[in-house]
file target_21.pdb (PDB, C-alpha atoms, pLDDT in the B column)
ATOM      1  CA  MET A   1      79.584  55.139  80.314  1.00 86.00           C
ATOM      2  CA  LYS A   2      82.693  53.447  79.010  1.00 91.00           C
ATOM      3  CA  ARG A   3      82.981  52.360  75.421  1.00 93.00           C
ATOM      4  CA  ASP A   4      82.574  48.590  75.163  1.00 94.00           C
ATOM      5  CA  TRP A   5      84.179  47.048  72.081  1.00 94.00           C
ATOM      6  CA  GLU A   6      82.314  43.769  72.575  1.00 95.00           C
ATOM      7  CA  LEU A   7      78.951  45.545  72.506  1.00 96.00           C
ATOM      8  CA  LEU A   8      79.916  47.576  69.436  1.00 96.00           C
ATOM      9  CA  LYS A   9      80.935  44.378  67.649  1.00 96.00           C
ATOM     10  CA  GLU A  10      77.707  42.639  68.685  1.00 95.00           C
ATOM     11  CA  ILE A  11      75.538  45.481  67.353  1.00 95.00           C
ATOM     12  CA  ILE A  12      77.397  45.521  64.027  1.00 95.00           C
ATOM     13  CA  GLU A  13      77.007  41.752  63.709  1.00 94.00           C
ATOM     14  CA  ILE A  14      73.255  42.045  64.348  1.00 93.00           C
ATOM     15  CA  ALA A  15      72.984  44.815  61.742  1.00 93.00           C
ATOM     16  CA  GLU A  16      74.834  42.783  59.125  1.00 93.00           C
ATOM     17  CA  LYS A  17      72.473  39.816  59.534  1.00 90.00           C
ATOM     18  CA  CYS A  18      69.359  41.899  58.822  1.00 86.00           C
ATOM     19  CA  ASP A  19      67.755  42.269  55.433  1.00 78.00           C
ATOM     20  CA  GLY A  20      68.416  45.582  53.746  1.00 76.00           C
ATOM     21  CA  GLY A  21      65.722  48.192  53.369  1.00 72.00           C
ATOM     22  CA  TYR A  22      64.489  48.188  56.943  1.00 81.00           C
ATOM     23  CA  PRO A  23      66.171  50.051  59.769  1.00 90.00           C
ATOM     24  CA  LEU A  24      67.070  48.524  63.102  1.00 89.00           C
ATOM     25  CA  VAL A  25      65.314  50.411  65.869  1.00 90.00           C
ATOM     26  CA  ALA A  26      66.006  50.357  69.589  1.00 90.00           C
ATOM     27  CA  THR A  27      63.474  52.204  71.728  1.00 88.00           C
ATOM     28  CA  ASN A  28      62.851  52.698  75.404  1.00 86.00           C
ATOM     29  CA  GLY A  29      59.208  51.723  75.093  1.00 77.00           C
ATOM     30  CA  ALA A  30      58.442  54.491  72.602  1.00 75.00           C
ATOM     31  CA  HIS A  31      56.439  53.562  69.512  1.00 77.00           C
ATOM     32  CA  TYR A  32      58.261  53.798  66.188  1.00 78.00           C
ATOM     33  CA  ASN A  33      56.063  54.245  63.111  1.00 78.00           C
ATOM     34  CA  GLY A  34      57.032  52.443  59.954  1.00 76.00           C
ATOM     35  CA  ALA A  35      58.454  49.100  58.970  1.00 79.00           C
ATOM     36  CA  HIS A  36      61.512  48.269  61.013  1.00 87.00           C
ATOM     37  CA  ILE A  37      63.406  45.518  62.764  1.00 87.00           C
ATOM     38  CA  PRO A  38      63.475  45.807  66.559  1.00 87.00           C
ATOM     39  CA  LEU A  39      67.039  45.858  67.877  1.00 89.00           C
ATOM     40  CA  GLU A  40      67.390  44.163  71.213  1.00 85.00           C
ATOM     41  CA  VAL A  41      70.520  43.120  73.046  1.00 90.00           C
ATOM     42  CA  PRO A  42      68.971  41.202  75.957  1.00 88.00           C
ATOM     43  CA  SER A  43      72.080  41.185  78.121  1.00 90.00           C
ATOM     44  CA  ARG A  44      72.427  44.982  78.013  1.00 94.00           C
ATOM     45  CA  ALA A  45      70.495  47.963  79.300  1.00 92.00           C
ATOM     46  CA  PHE A  46      68.711  50.137  76.739  1.00 91.00           C
ATOM     47  CA  GLY A  47      70.786  53.223  77.608  1.00 92.00           C
ATOM     48  CA  GLU A  48      74.019  51.352  77.003  1.00 94.00           C
ATOM     49  CA  VAL A  49      72.829  50.029  73.623  1.00 95.00           C
ATOM     50  CA  PHE A  50      71.504  53.493  72.706  1.00 94.00           C
ATOM     51  CA  GLU A  51      74.849  55.193  73.388  1.00 95.00           C
ATOM     52  CA  HIS A  52      76.854  52.528  71.589  1.00 96.00           C
ATOM     53  CA  ILE A  53      74.720  52.822  68.461  1.00 96.00           C
ATOM     54  CA  LEU A  54      75.374  56.557  68.514  1.00 96.00           C
ATOM     55  CA  LEU A  55      79.107  55.784  68.847  1.00 97.00           C
ATOM     56  CA  LEU A  56      78.892  53.643  65.702  1.00 97.00           C
ATOM     57  CA  GLY A  57      77.495  56.678  63.914  1.00 97.00           C
ATOM     58  CA  ASP A  58      80.167  58.962  65.377  1.00 96.00           C
ATOM     59  CA  ALA A  59      82.850  56.588  64.082  1.00 96.00           C
ATOM     60  CA  GLY A  60      81.344  56.438  60.588  1.00 97.00           C
ATOM     61  CA  LEU A  61      80.668  52.694  60.894  1.00 97.00           C
ATOM     62  CA  ALA A  62      76.897  53.097  60.550  1.00 96.00           C
ATOM     63  CA  GLU A  63      74.294  55.666  59.592  1.00 96.00           C
ATOM     64  CA  VAL A  64      72.181  56.346  62.675  1.00 96.00           C
ATOM     65  CA  ARG A  65      69.422  58.670  63.835  1.00 94.00           C
ATOM     66  CA  ASP A  66      68.689  59.746  67.398  1.00 93.00           C
ATOM     67  CA  LEU A  67      64.910  59.652  67.940  1.00 90.00           C
ATOM     68  CA  GLY A  68      65.074  62.282  70.645  1.00 87.00           C
ATOM     69  CA  ARG A  69      65.097  62.541  74.376  1.00 86.00           C
ATOM     70  CA  THR A  70      62.645  63.360  77.124  1.00 84.00           C
ATOM     71  CA  TYR A  71      63.085  64.126  80.801  1.00 86.00           C
ATOM     72  CA  ASP A  72      63.009  60.369  81.310  1.00 83.00           C
ATOM     73  CA  GLY A  73      65.982  59.833  78.978  1.00 84.00           C
ATOM     74  CA  PRO A  74      66.470  58.850  75.353  1.00 88.00           C
ATOM     75  CA  SER A  75      63.449  57.695  73.346  1.00 88.00           C
ATOM     76  CA  GLY A  76      65.286  55.587  70.844  1.00 92.00           C
ATOM     77  CA  VAL A  77      67.796  55.301  68.078  1.00 93.00           C
ATOM     78  CA  VAL A  78      67.693  54.038  64.504  1.00 93.00           C
ATOM     79  CA  LEU A  79      70.517  52.222  62.770  1.00 95.00           C
ATOM     80  CA  ASP A  80      69.681  52.721  59.095  1.00 93.00           C
ATOM     81  CA  ARG A  81      72.619  50.842  57.586  1.00 93.00           C
ATOM     82  CA  LEU A  82      76.229  49.861  57.997  1.00 95.00           C
ATOM     83  CA  THR A  83      78.645  51.953  55.990  1.00 95.00           C
ATOM     84  CA  MET A  84      81.494  50.515  53.933  1.00 95.00           C
ATOM     85  CA  ALA A  85      83.759  51.306  56.902  1.00 95.00           C
ATOM     86  CA  GLY A  86      81.407  49.317  59.139  1.00 95.00           C
ATOM     87  CA  HIS A  87      81.583  46.323  56.833  1.00 94.00           C
ATOM     88  CA  ASP A  88      85.378  46.644  56.673  1.00 93.00           C
ATOM     89  CA  PHE A  89      85.563  46.769  60.465  1.00 94.00           C
ATOM     90  CA  LEU A  90      83.408  43.662  60.697  1.00 94.00           C
ATOM     91  CA  ALA A  91      85.532  41.843  58.112  1.00 92.00           C
ATOM     92  CA  GLY A  92      88.438  42.125  60.527  1.00 92.00           C
ATOM     93  CA  ALA A  93      86.406  41.543  63.685  1.00 95.00           C
ATOM     94  CA  ARG A  94      84.245  38.631  62.540  1.00 92.00           C
ATOM     95  CA  ASP A  95      86.740  35.874  63.341  1.00 92.00           C
ATOM     96  CA  ASP A  96      86.731  35.305  67.119  1.00 93.00           C
ATOM     97  CA  GLN A  97      90.376  34.251  67.200  1.00 94.00           C
ATOM     98  CA  ARG A  98      91.471  37.427  65.384  1.00 94.00           C
ATOM     99  CA  TRP A  99      89.165  39.553  67.558  1.00 95.00           C
ATOM    100  CA  ASN A 100      90.527  38.019  70.767  1.00 95.00           C
ATOM    101  CA  GLN A 101      94.090  38.495  69.536  1.00 94.00           C
ATOM    102  CA  ALA A 102      93.393  42.182  68.889  1.00 94.00           C
ATOM    103  CA  MET A 103      91.739  42.604  72.308  1.00 94.00           C
ATOM    104  CA  THR A 104      94.742  40.939  73.987  1.00 94.00           C
ATOM    105  CA  MET A 105      97.146  43.236  72.127  1.00 92.00           C
ATOM    106  CA  ILE A 106      95.172  46.272  73.248  1.00 92.00           C
ATOM    107  CA  LYS A 107      95.008  45.092  76.837  1.00 91.00           C
ATOM    108  CA  ASP A 108      98.763  44.408  76.879  1.00 91.00           C
ATOM    109  CA  LYS A 109      99.440  47.948  75.645  1.00 86.00           C
ATOM    110  CA  GLY A 110      97.288  49.704  78.216  1.00 84.00           C
ATOM    111  CA  GLY A 111      93.732  49.012  77.134  1.00 78.00           C
ATOM    112  CA  ALA A 112      92.743  52.205  75.324  1.00 86.00           C
ATOM    113  CA  VAL A 113      92.651  52.693  71.556  1.00 91.00           C
ATOM    114  CA  SER A 114      90.643  54.646  69.048  1.00 92.00           C
ATOM    115  CA  VAL A 115      88.342  52.976  66.543  1.00 92.00           C
ATOM    116  CA  GLY A 116      90.893  53.872  63.863  1.00 91.00           C
ATOM    117  CA  VAL A 117      93.698  52.067  65.663  1.00 93.00           C
ATOM    118  CA  LEU A 118      91.510  49.023  66.368  1.00 94.00           C
ATOM    119  CA  THR A 119      90.508  48.916  62.705  1.00 93.00           C
ATOM    120  CA  GLN A 120      94.188  49.039  61.691  1.00 92.00           C
ATOM    121  CA  ILE A 121      95.078  46.249  64.129  1.00 93.00           C
ATOM    122  CA  LEU A 122      92.254  44.086  62.773  1.00 93.00           C
ATOM    123  CA  ALA A 123      93.258  44.874  59.179  1.00 91.00           C
ATOM    124  CA  THR A 124      96.879  43.922  59.917  1.00 91.00           C
ATOM    125  CA  LEU A 125      95.803  40.626  61.473  1.00 91.00           C
ATOM    126  CA  LEU A 126      93.491  39.973  58.508  1.00 88.00           C
ATOM    127  CA  LYS A 127      96.328  40.658  56.061  1.00 88.00           C
ATOM    128  CA  GLN A 128      98.500  38.159  57.926  1.00 86.00           C
ATOM    129  CA  ASN A 129      95.855  35.491  57.218  1.00 80.00           C
ATOM    130  CA  PHE A 130      96.494  36.097  53.515  1.00 80.00           C
ATOM    131  CA  GLY A 131     100.284  36.099  53.905  1.00 77.00           C
ATOM    132  CA  MET A 132     100.461  39.870  53.399  1.00 76.00           C
ATOM    133  CA  ASN A 133     102.695  41.668  55.868  1.00 69.00           C
TER     134      ASN A 133
END

call {"tool": "encode", "arguments": {"input": "target_21.pdb", "output": "structure tokens"}}
result
Amino acid sequence: MKRDWELLKEIIEIAEKCDGGYPLVATNGAHYNGAHIPLEVPSRAFGEVFEHILLLGDAGLAEVRDLGRTYDGPSGVVLDRLTMAGHDFLAGARDDQRWNQAMTMIKDKGGAVSVGVLTQILATLLKQNFGMN
């Protein structure tokens, strides 16, 4: 599976819109006990969403929990909350024009960057909006 920046951004945007106190939960049909908000990205397969939520946790953009795996694959994943770094990332990514500009820059330079580099690009573009170079 390749990392998909658009999907990562979409998941973070969904998480930001939710009320605090309840986790977002994506499951593969497994039952999750407790109050939660179901996380569904209709245009994407569960496995792809599952892995990308784990990537958000790996990057420190969100606190996540893997609900386990069976022989049939992953059971589910919980996104408990966005971290400050996740909110900072979203502050730069929220504007579609800025996001598209960053994606174009990345594509023009070969198409592969780390989350740290993407965050720096977005922060630089955000600073330019405020006249800070």

call {"tool": "resolve_selection", "arguments": {"input": "target_21.pdb", "expression": "the PyMOL selection byres ((chain A and resi 59) around 9)", "output": "PyMOL selection string"}}
result
chain A and resi 54-58+60-62+85-86+115-116

call {"tool": "atom_distance", "arguments": {"input": "target_21.pdb", "atom1": "atom CA of Asp88 of chain A", "atom2": "atom CA of Lys2 of chain A"}}
result
23.5 Å

call {"tool": "atom_distance", "arguments": {"input": "target_21.pdb", "atom1": "atom CA of Gly29 of chain A", "atom2": "atom CA of Gly73 of chain A"}}
result
11.3 Å

call {"tool": "atom_distance", "arguments": {"input": "target_21.pdb", "atom1": "atom CA of Asp72 of chain A", "atom2": "atom CA of Val49 of chain A"}}
result
16.2 Å

call {"tool": "residues_around", "arguments": {"input": "target_21.pdb", "residues": "Asn28 of chain A", "least_positions_apart": "6", "cutoff": "9 Å", "atoms": "all atoms listed in the file", "output": "MDAnalysis selection string"}}
result
chainID A and resid 46:47 73:76

call {"tool": "write_last_selection", "arguments": {"input": "target_21.pdb", "atoms": "C-alpha atoms", "output": "PDB file, keeping the file's coordinate frame"}}
result
ATOM      1  CA  PHE A  46      68.711  50.137  76.739  1.00 91.00           C
ATOM      2  CA  GLY A  47      70.786  53.223  77.608  1.00 92.00           C
ATOM      3  CA  GLY A  73      65.982  59.833  78.978  1.00 84.00           C
ATOM      4  CA  PRO A  74      66.470  58.850  75.353  1.00 88.00           C
ATOM      5  CA  SER A  75      63.449  57.695  73.346  1.00 88.00           C
ATOM      6  CA  GLY A  76      65.286  55.587  70.844  1.00 92.00           C
TER       7      GLY A  76
END

call {"tool": "resolve_selection", "arguments": {"input": "target_21.pdb", "expression": "the PyMOL selection byres ((chain A and resi 44) around 12)", "output": "PyMOL selection string"}}
result
chain A and resi 4+6-8+10-11+26+39-43+45-52

call {"tool": "residues_around", "arguments": {"input": "target_21.pdb", "residues": "Glu63 of chain A", "least_positions_apart": "4", "cutoff": "7 Å", "atoms": "all atoms listed in the file", "output": "list in words"}}
result
Gly57, Leu79, Asp80, Arg81, Leu82 and Thr83 of chain A

call {"tool": "build_atoms", "arguments": {"input": "target_21.pdb", "residues": "segment 64-87 of chain A", "atoms": "N, CA and C atoms", "output": "PDB file, in the coordinates of the input"}}
result
ATOM      1  N   VAL A  64      73.123  56.451  61.561  1.00 96.00           N
ATOM      2  CA  VAL A  64      72.181  56.346  62.675  1.00 96.00           C
ATOM      3  C   VAL A  64      71.408  57.646  62.845  1.00 96.00           C
ATOM      4  N   ARG A  65      70.249  57.507  63.507  1.00 94.00           N
ATOM      5  CA  ARG A  65      69.422  58.670  63.835  1.00 94.00           C
ATOM      6  C   ARG A  65      68.988  58.570  65.289  1.00 94.00           C
ATOM      7  N   ASP A  66      69.168  59.632  66.017  1.00 93.00           N
ATOM      8  CA  ASP A  66      68.689  59.746  67.398  1.00 93.00           C
ATOM      9  C   ASP A  66      67.220  60.136  67.323  1.00 93.00           C
ATOM     10  N   LEU A  67      66.344  59.370  67.977  1.00 90.00           N
ATOM     11  CA  LEU A  67      64.910  59.652  67.940  1.00 90.00           C
ATOM     12  C   LEU A  67      64.475  60.673  68.979  1.00 90.00           C
ATOM     13  N   GLY A  68      65.401  61.235  69.697  1.00 87.00           N
ATOM     14  CA  GLY A  68      65.074  62.282  70.645  1.00 87.00           C
ATOM     15  C   GLY A  68      65.156  61.818  72.087  1.00 87.00           C
ATOM     16  N   ARG A  69      64.993  62.790  72.949  1.00 86.00           N
ATOM     17  CA  ARG A  69      65.097  62.541  74.376  1.00 86.00           C
ATOM     18  C   ARG A  69      63.979  63.281  75.103  1.00 86.00           C
ATOM     19  N   THR A  70      63.618  62.720  76.243  1.00 84.00           N
ATOM     20  CA  THR A  70      62.645  63.360  77.124  1.00 84.00           C
ATOM     21  C   THR A  70      63.308  63.526  78.484  1.00 84.00           C
ATOM     22  N   TYR A  71      62.551  64.023  79.444  1.00 86.00           N
ATOM     23  CA  TYR A  71      63.085  64.126  80.801  1.00 86.00           C
ATOM     24  C   TYR A  71      63.405  62.756  81.387  1.00 86.00           C
ATOM     25  N   ASP A  72      62.769  61.730  80.841  1.00 83.00           N
ATOM     26  CA  ASP A  72      63.009  60.369  81.310  1.00 83.00           C
ATOM     27  C   ASP A  72      64.224  59.722  80.659  1.00 83.00           C
ATOM     28  N   GLY A  73      64.817  60.383  79.671  1.00 84.00           N
ATOM     29  CA  GLY A  73      65.982  59.833  78.978  1.00 84.00           C
ATOM     30  C   GLY A  73      65.736  59.713  77.492  1.00 84.00           C
ATOM     31  N   PRO A  74      66.606  58.978  76.797  1.00 88.00           N
ATOM     32  CA  PRO A  74      66.470  58.850  75.353  1.00 88.00           C
ATOM     33  C   PRO A  74      65.244  58.031  74.967  1.00 88.00           C
ATOM     34  N   SER A  75      64.620  58.418  73.855  1.00 88.00           N
ATOM     35  CA  SER A  75      63.449  57.695  73.346  1.00 88.00           C
ATOM     36  C   SER A  75      63.858  56.490  72.516  1.00 88.00           C
ATOM     37  N   GLY A  76      64.853  56.683  71.689  1.00 92.00           N
ATOM     38  CA  GLY A  76      65.286  55.587  70.844  1.00 92.00           C
ATOM     39  C   GLY A  76      66.323  56.031  69.845  1.00 92.00           C
ATOM     40  N   VAL A  77      66.776  55.053  69.091  1.00 93.00           N
ATOM     41  CA  VAL A  77      67.796  55.301  68.078  1.00 93.00           C
ATOM     42  C   VAL A  77      67.566  54.342  66.923  1.00 93.00           C
ATOM     43  N   VAL A  78      67.865  54.823  65.721  1.00 93.00           N
ATOM     44  CA  VAL A  78      67.693  54.038  64.504  1.00 93.00           C
ATOM     45  C   VAL A  78      69.055  53.806  63.874  1.00 93.00           C
ATOM     46  N   LEU A  79      69.332  52.562  63.547  1.00 95.00           N
ATOM     47  CA  LEU A  79      70.517  52.222  62.770  1.00 95.00           C
ATOM     48  C   LEU A  79      70.004  51.919  61.366  1.00 95.00           C
ATOM     49  N   ASP A  80      70.209  52.867  60.454  1.00 93.00           N
ATOM     50  CA  ASP A  80      69.681  52.721  59.095  1.00 93.00           C
ATOM     51  C   ASP A  80      70.471  51.711  58.270  1.00 93.00           C
ATOM     52  N   ARG A  81      71.796  51.756  58.384  1.00 93.00           N
ATOM     53  CA  ARG A  81      72.619  50.842  57.586  1.00 93.00           C
ATOM     54  C   ARG A  81      74.060  50.917  58.051  1.00 93.00           C
ATOM     55  N   LEU A  82      74.784  49.838  57.794  1.00 95.00           N
ATOM     56  CA  LEU A  82      76.229  49.861  57.997  1.00 95.00           C
ATOM     57  C   LEU A  82      76.861  50.571  56.810  1.00 95.00           C
ATOM     58  N   THR A  83      77.899  51.321  57.069  1.00 95.00           N
ATOM     59  CA  THR A  83      78.645  51.953  55.990  1.00 95.00           C
ATOM     60  C   THR A  83      79.696  50.968  55.484  1.00 95.00           C
ATOM     61  N   MET A  84      80.402  51.349  54.419  1.00 95.00           N
ATOM     62  CA  MET A  84      81.494  50.515  53.933  1.00 95.00           C
ATOM     63  C   MET A  84      82.537  50.337  55.040  1.00 95.00           C
ATOM     64  N   ALA A  85      82.800  51.401  55.792  1.00 95.00           N
ATOM     65  CA  ALA A  85      83.759  51.306  56.902  1.00 95.00           C
ATOM     66  C   ALA A  85      83.273  50.320  57.966  1.00 95.00           C
ATOM     67  N   GLY A  86      81.967  50.273  58.189  1.00 95.00           N
ATOM     68  CA  GLY A  86      81.407  49.317  59.139  1.00 95.00           C
ATOM     69  C   GLY A  86      81.581  47.887  58.673  1.00 95.00           C
ATOM     70  N   HIS A  87      81.378  47.660  57.394  1.00 94.00           N
ATOM     71  CA  HIS A  87      81.583  46.323  56.833  1.00 94.00           C
ATOM     72  C   HIS A  87      83.059  45.940  56.873  1.00 94.00           C
TER      73      HIS A  87
END
